[in-house]
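*Asks:* Enclosed is the structure file work13.cif (mmCIF, C-alpha atoms).
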data_upload
#
loop_
_atom_site.group_PDB
_atom_site.id
_atom_site.type_symbol
_atom_site.label_atom_id
_atom_site.label_comp_id
_atom_site.auth_asym_id
_atom_site.auth_seq_id
_atom_site.Cartn_x
_atom_site.Cartn_y
_atom_site.Cartn_z
ATOM 1 C CA MET A 28 -27.046 6.279 -19.645
ATOM 2 C CA LEU A 29 -30.128 4.802 -21.358
ATOM 3 C CA LYS A 30 -31.681 8.228 -21.891
ATOM 4 C CA GLU A 31 -28.345 9.660 -23.046
ATOM 5 C CA ASP A 32 -28.921 12.539 -20.676
ATOM 6 C CA ALA A 33 -25.481 14.051 -20.157
ATOM 7 C CA ALA A 34 -26.788 16.849 -17.948
ATOM 8 C CA ALA A 35 -28.537 14.411 -15.608
ATOM 9 C CA LEU A 36 -25.378 12.302 -15.322
ATOM 10 C CA ALA A 37 -23.189 15.345 -14.732
ATOM 11 C CA ALA A 38 -25.536 16.396 -11.933
ATOM 12 C CA PHE A 39 -24.363 13.340 -9.946
ATOM 13 C CA TYR A 40 -20.890 14.929 -9.704
ATOM 14 C CA THR A 41 -19.675 17.774 -7.517
ATOM 15 C CA GLU A 42 -18.767 20.938 -9.339
ATOM 16 C CA ASP A 43 -15.055 20.170 -8.905
ATOM 17 C CA ALA A 44 -15.321 16.409 -9.461
ATOM 18 C CA CYS A 45 -12.825 14.320 -11.372
ATOM 19 C CA TYR A 46 -13.831 11.454 -13.631
ATOM 20 C CA VAL A 47 -10.926 9.159 -14.561
ATOM 21 C CA ASP A 48 -11.834 7.671 -17.930
ATOM 22 C CA PRO A 49 -9.910 4.547 -18.991
ATOM 23 C CA ALA A 50 -8.882 6.077 -22.304
ATOM 24 C CA ALA A 51 -9.082 9.835 -21.835
ATOM 25 C CA GLY A 52 -7.696 9.945 -18.300
ATOM 26 C CA PRO A 53 -8.774 12.531 -15.724
ATOM 27 C CA ILE A 54 -11.571 14.912 -16.710
ATOM 28 C CA TYR A 55 -11.943 17.779 -14.276
ATOM 29 C CA GLY A 56 -15.133 19.555 -13.333
ATOM 30 C CA ARG A 57 -18.836 18.921 -13.793
ATOM 31 C CA LYS A 58 -19.034 20.975 -16.986
ATOM 32 C CA ALA A 59 -16.233 19.036 -18.662
ATOM 33 C CA ILE A 60 -17.763 15.744 -17.525
ATOM 34 C CA GLU A 61 -21.084 16.765 -19.070
ATOM 35 C CA LYS A 62 -19.326 17.571 -22.347
ATOM 36 C CA PHE A 63 -17.586 14.202 -22.222
ATOM 37 C CA TYR A 64 -20.930 12.403 -21.901
ATOM 38 C CA THR A 65 -22.495 14.580 -24.614
ATOM 39 C CA ASP A 66 -19.709 13.597 -27.006
ATOM 40 C CA LEU A 67 -19.836 9.951 -25.885
ATOM 41 C CA PHE A 68 -23.558 9.683 -26.621
ATOM 42 C CA LYS A 69 -22.974 10.805 -30.202
ATOM 43 C CA LYS A 70 -21.115 7.528 -30.738
ATOM 44 C CA VAL A 71 -22.170 5.050 -28.042
ATOM 45 C CA HIS A 72 -25.791 4.075 -27.476
ATOM 46 C CA HIS A 73 -26.749 1.940 -24.477
ATOM 47 C CA THR A 74 -29.721 -0.427 -24.405
ATOM 48 C CA LYS A 75 -28.950 -1.663 -20.882
ATOM 49 C CA HIS A 76 -26.801 -0.340 -18.063
ATOM 50 C CA ALA A 77 -27.079 -2.063 -14.686
ATOM 51 C CA SER A 78 -25.006 -1.563 -11.549
ATOM 52 C CA THR A 79 -24.799 -3.880 -8.535
ATOM 53 C CA LEU A 80 -23.445 -2.362 -5.352
ATOM 54 C CA GLU A 81 -20.776 -4.369 -3.487
ATOM 55 C CA GLN A 82 -22.311 -5.914 -0.355
ATOM 56 C CA TYR A 83 -20.248 -3.807 2.062
ATOM 57 C CA SER A 84 -20.719 -0.454 0.303
ATOM 58 C CA PRO A 85 -20.928 2.370 1.146
ATOM 59 C CA HIS A 86 -17.786 2.561 3.280
ATOM 60 C CA ILE A 87 -17.713 5.599 5.559
ATOM 61 C CA MET A 88 -14.449 7.505 5.664
ATOM 62 C CA GLY A 89 -13.080 9.447 8.600
ATOM 63 C CA THR A 90 -15.143 10.340 11.631
ATOM 64 C CA ALA A 91 -17.369 13.139 10.350
ATOM 65 C CA GLY A 92 -19.243 10.833 7.989
ATOM 66 C CA ASN A 93 -19.211 13.321 5.128
ATOM 67 C CA GLU A 94 -17.236 11.137 2.728
ATOM 68 C CA ILE A 95 -17.864 7.592 1.567
ATOM 69 C CA TRP A 96 -16.465 5.296 -1.050
ATOM 70 C CA THR A 97 -18.326 2.661 -2.971
ATOM 71 C CA THR A 98 -17.510 -0.083 -5.408
ATOM 72 C CA GLY A 99 -19.539 -2.598 -7.339
ATOM 73 C CA GLU A 100 -20.041 -4.334 -10.637
ATOM 74 C CA TRP A 101 -21.599 -2.916 -13.781
ATOM 75 C CA ASN A 102 -22.777 -4.535 -16.967
ATOM 76 C CA ALA A 103 -23.987 -2.940 -20.133
ATOM 77 C CA LEU A 104 -25.341 -3.592 -23.609
ATOM 78 C CA PHE A 105 -24.536 -0.968 -26.208
ATOM 79 C CA ARG A 106 -23.711 -0.167 -29.811
ATOM 80 C CA VAL A 107 -20.845 1.933 -31.073
ATOM 81 C CA GLU A 108 -22.328 4.072 -33.841
ATOM 82 C CA ASN A 109 -24.139 1.624 -36.159
ATOM 83 C CA GLY A 110 -22.152 -1.435 -35.116
ATOM 84 C CA ALA A 111 -23.489 -4.728 -33.801
ATOM 85 C CA PRO A 112 -24.778 -4.887 -30.204
ATOM 86 C CA LEU A 113 -22.005 -5.484 -27.686
ATOM 87 C CA GLN A 114 -21.931 -6.383 -24.026
ATOM 88 C CA ALA A 115 -19.319 -5.569 -21.424
ATOM 89 C CA LYS A 116 -18.909 -5.624 -17.675
ATOM 90 C CA GLY A 117 -16.488 -4.488 -15.041
ATOM 91 C CA TYR A 118 -16.103 -2.722 -11.716
ATOM 92 C CA TRP A 119 -16.273 0.880 -10.549
ATOM 93 C CA LEU A 120 -14.762 2.849 -7.689
ATOM 94 C CA ASP A 121 -16.269 6.143 -6.495
ATOM 95 C CA LEU A 122 -15.427 8.560 -3.729
ATOM 96 C CA ASP A 123 -18.533 10.510 -2.756
ATOM 97 C CA VAL A 124 -19.162 13.559 -0.584
ATOM 98 C CA ARG A 125 -22.302 14.680 1.191
ATOM 99 C CA GLU A 126 -24.141 17.565 -0.452
ATOM 100 C CA GLY A 127 -27.332 18.466 1.386
ATOM 101 C CA ASP A 128 -29.349 15.304 1.934
ATOM 102 C CA GLY A 129 -27.603 13.412 -0.848
ATOM 103 C CA TRP A 130 -24.216 12.279 -2.098
ATOM 104 C CA LYS A 131 -22.223 13.355 -5.116
ATOM 105 C CA PHE A 132 -19.213 11.890 -6.859
ATOM 106 C CA LEU A 133 -15.954 13.646 -6.015
ATOM 107 C CA VAL A 134 -13.907 11.191 -8.034
ATOM 108 C CA SER A 135 -15.003 8.213 -10.065
ATOM 109 C CA THR A 136 -13.555 5.574 -12.352
ATOM 110 C CA PHE A 137 -14.350 2.148 -13.776
ATOM 111 C CA ASN A 138 -12.652 -0.710 -15.552
ATOM 112 C CA PHE A 139 -13.573 -3.407 -18.056
ATOM 113 C CA SER A 140 -13.360 -7.071 -17.010
ATOM 114 C CA GLY A 141 -12.570 -8.004 -20.561
ATOM 115 C CA PRO A 142 -13.239 -6.939 -24.099
ATOM 116 C CA PRO A 143 -16.748 -6.026 -25.201
ATOM 117 C CA VAL A 144 -18.217 -9.080 -26.931
ATOM 118 C CA PRO A 145 -21.108 -9.477 -29.371
ATOM 119 C CA VAL A 146 -24.486 -9.949 -27.720
ATOM 120 C CA GLU A 147 -25.878 -13.448 -28.075
ATOM 121 C CA THR A 148 -29.028 -13.245 -30.160
ATOM 122 C CA LYS A 149 -30.486 -16.732 -29.494
ATOM 123 C CA MET B 13 -6.632 -16.623 -17.768
ATOM 124 C CA LYS B 14 -5.396 -13.102 -17.196
ATOM 125 C CA ILE B 15 -3.456 -12.950 -20.421
ATOM 126 C CA ARG B 16 -6.660 -13.481 -22.337
ATOM 127 C CA PHE B 17 -8.204 -10.436 -20.726
ATOM 128 C CA LEU B 18 -5.100 -8.341 -21.092
ATOM 129 C CA LEU B 19 -4.699 -9.234 -24.728
ATOM 130 C CA ALA B 20 -8.292 -8.966 -25.614
ATOM 131 C CA LEU B 21 -9.218 -5.467 -24.479
ATOM 132 C CA VAL B 22 -10.407 -3.875 -27.664
ATOM 133 C CA GLY B 23 -11.036 -0.473 -28.964
ATOM 134 C CA LEU B 24 -14.172 0.526 -27.092
ATOM 135 C CA ALA B 25 -12.128 2.460 -24.612
ATOM 136 C CA ILE B 26 -10.388 4.153 -27.507
ATOM 137 C CA SER B 27 -13.743 5.240 -28.859
ATOM 138 C CA PHE B 28 -14.328 6.888 -25.514
ATOM 139 C CA ALA B 29 -11.217 8.971 -25.924
ATOM 140 C CA VAL B 30 -12.785 12.347 -26.397
ATOM 141 C CA ALA B 31 -10.657 14.266 -23.973
ATOM 142 C CA THR B 32 -12.450 17.213 -22.525
ATOM 143 C CA PHE B 33 -10.381 18.905 -19.891
ATOM 144 C CA ALA B 34 -11.266 21.777 -17.639
ATOM 145 C CA GLN B 35 -8.807 23.768 -15.630
ATOM 146 C CA GLN B 36 -7.932 22.193 -12.303
ATOM 147 C CA SER B 37 -6.788 24.366 -9.468
ATOM 148 C CA ASN B 38 -5.600 21.961 -6.757
ATOM 149 C CA THR B 39 -2.012 22.651 -5.714
ATOM 150 C CA PRO B 40 -0.703 19.596 -3.912
ATOM 151 C CA ASP B 41 1.207 19.828 -0.649
ATOM 152 C CA PRO B 42 4.881 19.203 -1.571
ATOM 153 C CA GLN B 43 5.509 16.861 1.380
ATOM 154 C CA LEU B 44 2.419 14.789 0.637
ATOM 155 C CA ARG B 45 3.374 14.645 -3.027
ATOM 156 C CA GLU B 46 6.848 13.471 -2.067
ATOM 157 C CA ALA B 47 5.338 10.778 0.171
ATOM 158 C CA LEU B 48 3.115 9.671 -2.687
ATOM 159 C CA ALA B 49 6.009 9.652 -5.158
ATOM 160 C CA THR B 50 7.919 7.425 -2.720
ATOM 161 C CA LEU B 51 4.957 5.048 -2.524
ATOM 162 C CA LEU B 52 4.705 4.880 -6.330
ATOM 163 C CA LYS B 53 8.423 4.171 -6.680
ATOM 164 C CA LYS B 54 8.098 1.308 -4.172
ATOM 165 C CA MET B 55 5.141 0.019 -6.153
ATOM 166 C CA ASP B 56 7.011 0.151 -9.465
ATOM 167 C CA ASP B 57 10.017 -1.609 -7.893
ATOM 168 C CA GLY B 58 7.793 -4.181 -6.173
ATOM 169 C CA PHE B 59 6.210 -5.222 -9.464
ATOM 170 C CA VAL B 60 9.514 -5.423 -11.338
ATOM 171 C CA ASN B 61 10.975 -7.473 -8.464
ATOM 172 C CA SER B 62 7.852 -9.663 -8.188
ATOM 173 C CA ASP B 63 7.887 -8.849 -4.478
ATOM 174 C CA ALA B 64 4.340 -9.468 -3.219
ATOM 175 C CA ALA B 65 5.267 -8.763 0.417
ATOM 176 C CA ALA B 66 6.798 -5.381 -0.414
ATOM 177 C CA LEU B 67 3.739 -4.464 -2.480
ATOM 178 C CA ALA B 68 1.320 -5.608 0.224
ATOM 179 C CA ALA B 69 3.182 -3.448 2.741
ATOM 180 C CA LEU B 70 2.012 -0.382 0.791
ATOM 181 C CA TYR B 71 -1.588 -1.139 1.811
ATOM 182 C CA THR B 72 -3.393 -0.642 5.117
ATOM 183 C CA ASP B 73 -4.282 -3.770 7.036
ATOM 184 C CA ASP B 74 -7.948 -3.389 5.994
ATOM 185 C CA ALA B 75 -7.291 -2.190 2.432
ATOM 186 C CA VAL B 76 -9.469 -3.115 -0.523
ATOM 187 C CA HIS B 77 -8.055 -3.808 -3.981
ATOM 188 C CA VAL B 78 -10.666 -3.439 -6.733
ATOM 189 C CA THR B 79 -9.305 -5.351 -9.680
ATOM 190 C CA PHE B 80 -10.843 -5.813 -13.121
ATOM 191 C CA ASN B 81 -11.775 -9.460 -13.500
ATOM 192 C CA ARG B 82 -12.867 -10.663 -10.068
ATOM 193 C CA PRO B 83 -14.646 -9.276 -7.001
ATOM 194 C CA PRO B 84 -12.732 -6.921 -4.695
ATOM 195 C CA ILE B 85 -9.925 -8.332 -2.546
ATOM 196 C CA TYR B 86 -10.189 -7.449 1.141
ATOM 197 C CA GLY B 87 -7.234 -7.019 3.463
ATOM 198 C CA ARG B 88 -3.463 -6.768 3.101
ATOM 199 C CA GLU B 89 -2.933 -10.489 3.571
ATOM 200 C CA ALA B 90 -5.373 -11.413 0.798
ATOM 201 C CA ILE B 91 -3.844 -8.773 -1.491
ATOM 202 C CA GLN B 92 -0.416 -10.306 -0.905
ATOM 203 C CA LYS B 93 -1.738 -13.796 -1.749
ATOM 204 C CA HIS B 94 -3.367 -12.436 -4.908
ATOM 205 C CA LEU B 95 -0.068 -10.896 -6.006
ATOM 206 C CA GLU B 96 1.881 -14.057 -5.122
ATOM 207 C CA ASN B 97 -0.545 -16.008 -7.271
ATOM 208 C CA ASP B 98 0.041 -13.643 -10.198
ATOM 209 C CA PHE B 99 3.814 -13.880 -9.845
ATOM 210 C CA LYS B 100 4.229 -17.577 -9.010
ATOM 211 C CA LYS B 101 1.271 -19.461 -10.466
ATOM 212 C CA LEU B 102 0.533 -17.286 -13.482
ATOM 213 C CA HIS B 103 4.257 -16.614 -13.981
ATOM 214 C CA LEU B 104 3.511 -12.957 -14.576
ATOM 215 C CA HIS B 105 6.757 -11.016 -14.775
ATOM 216 C CA PHE B 106 6.993 -7.248 -15.143
ATOM 217 C CA ILE B 107 9.978 -6.111 -17.180
ATOM 218 C CA LYS B 108 9.024 -2.475 -16.742
ATOM 219 C CA TYR B 109 6.479 -0.789 -14.480
ATOM 220 C CA LEU B 110 6.342 2.991 -14.532
ATOM 221 C CA SER B 111 3.750 5.028 -12.666
ATOM 222 C CA GLU B 112 3.351 8.725 -13.301
ATOM 223 C CA LEU B 113 1.503 10.880 -10.834
ATOM 224 C CA GLU B 114 -1.198 13.270 -12.056
ATOM 225 C CA GLU B 115 0.102 16.821 -11.628
ATOM 226 C CA TYR B 116 -2.528 17.827 -9.045
ATOM 227 C CA SER B 117 -2.216 14.745 -6.830
ATOM 228 C CA PRO B 118 -2.611 14.052 -4.002
ATOM 229 C CA HIS B 119 -5.968 15.658 -3.315
ATOM 230 C CA VAL B 120 -6.892 16.021 0.353
ATOM 231 C CA ILE B 121 -10.360 14.683 1.219
ATOM 232 C CA GLY B 122 -12.470 16.703 3.652
ATOM 233 C CA THR B 123 -11.083 18.972 6.336
ATOM 234 C CA ALA B 124 -9.207 16.627 8.683
ATOM 235 C CA GLY B 125 -6.504 16.043 6.068
ATOM 236 C CA ASN B 126 -5.876 12.415 6.991
ATOM 237 C CA GLU B 127 -7.320 10.947 3.820
ATOM 238 C CA LEU B 128 -6.380 11.681 0.244
ATOM 239 C CA TRP B 129 -7.073 10.542 -3.260
ATOM 240 C CA SER B 130 -4.742 10.338 -6.170
ATOM 241 C CA THR B 131 -4.721 9.335 -9.786
ATOM 242 C CA GLY B 132 -2.129 8.920 -12.490
ATOM 243 C CA GLU B 133 -0.961 6.771 -15.373
ATOM 244 C CA PHE B 134 0.963 3.543 -15.577
ATOM 245 C CA ASP B 135 2.957 1.998 -18.393
ATOM 246 C CA GLN B 136 3.793 -1.699 -18.013
ATOM 247 C CA THR B 137 5.813 -4.156 -20.038
ATOM 248 C CA PHE B 138 5.227 -7.713 -18.915
ATOM 249 C CA GLN B 139 5.316 -11.320 -19.992
ATOM 250 C CA PHE B 140 3.852 -14.626 -18.913
ATOM 251 C CA GLU B 141 6.431 -17.402 -18.562
ATOM 252 C CA ASN B 142 8.017 -17.730 -21.990
ATOM 253 C CA GLY B 143 5.545 -15.523 -23.799
ATOM 254 C CA ASN B 144 6.443 -12.469 -25.803
ATOM 255 C CA PRO B 145 6.744 -9.162 -23.920
ATOM 256 C CA LEU B 146 3.579 -7.103 -23.998
ATOM 257 C CA ARG B 147 2.940 -3.489 -23.177
ATOM 258 C CA ILE B 148 -0.179 -1.963 -21.671
ATOM 259 C CA LYS B 149 -1.063 1.469 -20.315
ATOM 260 C CA GLY B 150 -3.814 2.750 -18.096
ATOM 261 C CA HIS B 151 -4.793 4.810 -15.084
ATOM 262 C CA PHE B 152 -4.928 4.147 -11.372
ATOM 263 C CA LEU B 153 -7.081 5.606 -8.628
ATOM 264 C CA PHE B 154 -5.989 5.453 -4.980
ATOM 265 C CA ILE B 155 -7.716 6.407 -1.770
ATOM 266 C CA LEU B 156 -4.919 6.879 0.772
ATOM 267 C CA VAL B 157 -4.495 7.451 4.471
ATOM 268 C CA ARG B 158 -1.619 9.026 6.364
ATOM 269 C CA ASP B 159 0.657 6.635 8.220
ATOM 270 C CA GLY B 160 3.122 8.842 10.078
ATOM 271 C CA ASP B 161 5.067 10.687 7.393
ATOM 272 C CA ALA B 162 4.156 8.084 4.798
ATOM 273 C CA LEU B 163 0.956 7.223 2.961
ATOM 274 C CA LYS B 164 -0.755 3.877 2.658
ATOM 275 C CA ILE B 165 -3.323 2.694 0.169
ATOM 276 C CA LYS B 166 -6.768 2.126 1.645
ATOM 277 C CA VAL B 167 -8.555 1.439 -1.645
ATOM 278 C CA ASP B 168 -7.220 1.202 -5.160
ATOM 279 C CA THR B 169 -8.248 0.277 -8.645
ATOM 280 C CA PHE B 170 -6.886 0.595 -12.145
ATOM 281 C CA ASN B 171 -8.107 0.416 -15.706
ATOM 282 C CA PHE B 172 -6.553 -0.188 -19.094
ATOM 283 C CA SER B 173 -6.560 2.435 -21.842
ATOM 284 C CA GLY B 174 -6.629 -0.212 -24.557
ATOM 285 C CA PRO B 175 -5.466 -3.736 -25.326
ATOM 286 C CA ALA B 176 -1.981 -5.023 -24.572
ATOM 287 C CA VAL B 177 0.276 -4.757 -27.609
ATOM 288 C CA PRO B 178 3.593 -6.437 -28.424
ATOM 289 C CA ALA B 179 6.396 -4.555 -26.717
ATOM 290 C CA GLU B 180 9.142 -3.098 -28.886
ATOM 291 C CA THR B 181 12.316 -5.076 -28.263
ATOM 292 C CA LYS B 182 14.833 -2.683 -29.868
#
Now that the file is in, can you turn its structure into structure tokens?

*Replies:*
Amino acid sequence: MLKEDAAALAAFYTEDACYVDPAAGPIYGRKAIEKFYTDLFKKVHHTKHASTLEQYSPHIMGTAGNEIWTTGEWNALFRVENGAPLQAKGYWLDLDVREGDGWKFLVSTFNFSGPPVPVETK
Amino acid sequence: MKIRFLLALVGLAISFAVATFAQQSNTPDPQLREALATLLKKMDDGFVNSDAAALAALYTDDAVHVTFNRPPIYGREAIQKHLENDFKKLHLHFIKYLSELEEYSPHVIGTAGNELWSTGEFDQTFQFENGNPLRIKGHFLFILVRDGDALKIKVDTFNFSGPAVPAETK
């Protein structure tokens, strides 16, 4: 997010992943997700993006151990175009599948805990 | 407290609304889709009837509800208490609650076929005690498990597409 690297972010998703954006709704497929991030980074510029994994995550699904889900809290500082710095936080929910030695997002979404607010500059 | 959050969601999400869709090829199993539609109808009715027990019955015993303004809620019993609090202490009343399933849902997870995920949209009109009716829309994400011929929610979350706005009263 900080490097505005849409390709690197898209690489976290499976080829057939679905990202459920709060405003845009479901976006299907890694290529479309990469385009979404590319377009997003033309307008939104992050100066901080931190994620804290929920203490019990990841949660293994089924018996084969090839699928997990995770949740946690995120917080971010960002600007929309040339606007004032804003901060926001919320929670995410991901369903991940094993690919090789790693995990990739099969479906992912997040929410906002409240409205973005101006960053305190004291 | 909740009203403040619901009212205050501002246009950042709207600025994110650059819809880029690719073709999706999942064809849902008709019986599973029917089971999911039944679950959604029970959910819509449960909210309009302020029936926390009926809503909690849609979850597995060990379900997790990931909400937007507090840490996750663990277990059916705790989810029921959370809903009772919304209905009784916050006097949250849903006048309308409509959920619409995404056309490709439910999506089977893995090969065993016992777990699924689903998304879709909701459209709510609600009010707090004697407040004015407000309308808000958003999306949900469920992870589900089979329970006989029915489905139960194992994990769920939702987000808002924008701030709550005054509901039209025509």

*Asks:* Pick out the closest residue to Ala103 (chain A) from this set: A:Phe132, A:Tyr46, A:Phe139, A:Phe68. Count all atoms listed in the file.

*Replies:* A:Phe139

*Asks:* Tell me as number ranges by chain which residues belonging to chain A come within 8 Å of chain B, counting only C-alpha atoms.

*Replies:* A: 47, 49-56, 58-60, 62-63, 66-67, 70, 89, 93-94, 98, 107, 117-118, 120, 136-143

*Asks:* Please compute the CA of Gln114 (chain A)-CA of Asn102 (chain A) distance, one decimal, in Å.

*Replies:* 7.3 Å

*Asks:* Box along x, y and z, 4 Å on every side, all listed atoms of region 117-131 of chain A inside: centre and edge lengths in Å to one decimal, as AutoDock Vina command-line options.

*Replies:*
--center_x -22.1 --center_y 7.0 --center_z -6.6 --size_x 22.6 --size_y 31.0 --size_z 25.0

*Asks:* Enumerate, as a list in words, the residues matched when the PyMOL selection byres ((chain B and resi 98) around 12) is run on the file above.

*Replies:*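 Output from the PyMOL selection byres ((chain B and resi 98) around 12), applied to this file: Met13, Lys14, Ile15, Phe59, Ser62, Asp63, Ala64, Ile91, Gln92, Lys93, His94, Leu95, Glu96, Asn97, Phe99, Lys100, Lys101, Leu102, His103, Leu104, His105, Phe106, Phe138, Gln139, Phe140 and Glu141 of chain B.
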
*Asks:* Residues picked by the PyMOL selection byres ((chain B and resi 47) around 12) here, as JSON, numbers by chain?

*Replies:* {"B": [40, 41, 42, 43, 44, 45, 46, 48, 49, 50, 51, 52, 53, 54, 70, 113, 117, 118, 128, 130, 156, 157, 158, 159, 160, 161, 162, 163, 164, 165]}

*Asks:* Which value, in Å to one decimal, gives the distance between CA of Met88 (chain A) and CA of Asp74 (chain B)?

*Replies:*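 Calculated distance between CA of Met88 (chain A) and CA of Asp74 (chain B) is 12.7 Å.
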
*Asks:* What gap, in Å, lies between CA of Tyr40 (chain A) and CA of Thr39 (chain B)?

*Replies:* 20.8 Å

*Asks:* Which residues, named as in the file, does the PyMOL selection byres ((chain A and resi 126) around 12) pick out? Answer as a count of residues only.

*Replies:* 19

*Asks:* Excluding His72 (chain A) and its own-chain neighbours fewer than 5 positions away, which residues fall within 9 Å of it when counting all atoms listed in the file? Please give them as a CSV table (one decimal) with C-alpha atoms, in the frame of the given file.

*Replies:*
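In the end it all went to out-v7.csv:
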chain,number,residue,atom,x,y,z
A,28,MET,CA,-27.0,6.3,-19.6
A,29,LEU,CA,-30.1,4.8,-21.4
A,31,GLU,CA,-28.3,9.7,-23.0
A,67,LEU,CA,-19.8,10.0,-25.9
A,104,LEU,CA,-25.3,-3.6,-23.6
A,105,PHE,CA,-24.5,-1.0,-26.2
A,106,ARG,CA,-23.7,-0.2,-29.8
A,107,VAL,CA,-20.8,1.9,-31.1
A,108,GLU,CA,-22.3,4.1,-33.8

*Asks:* Step by step: start from the point (-21.0, -0.3, -11.2) in the file's coordinates, keep every protein, DNA or RNA residue that has an atom no farther than 7 Å from it, count only C-alpha atoms, and write the set as a VMD selection string.

*Replies:* chain A and resid 78 to 80 98 to 101 118 to 119
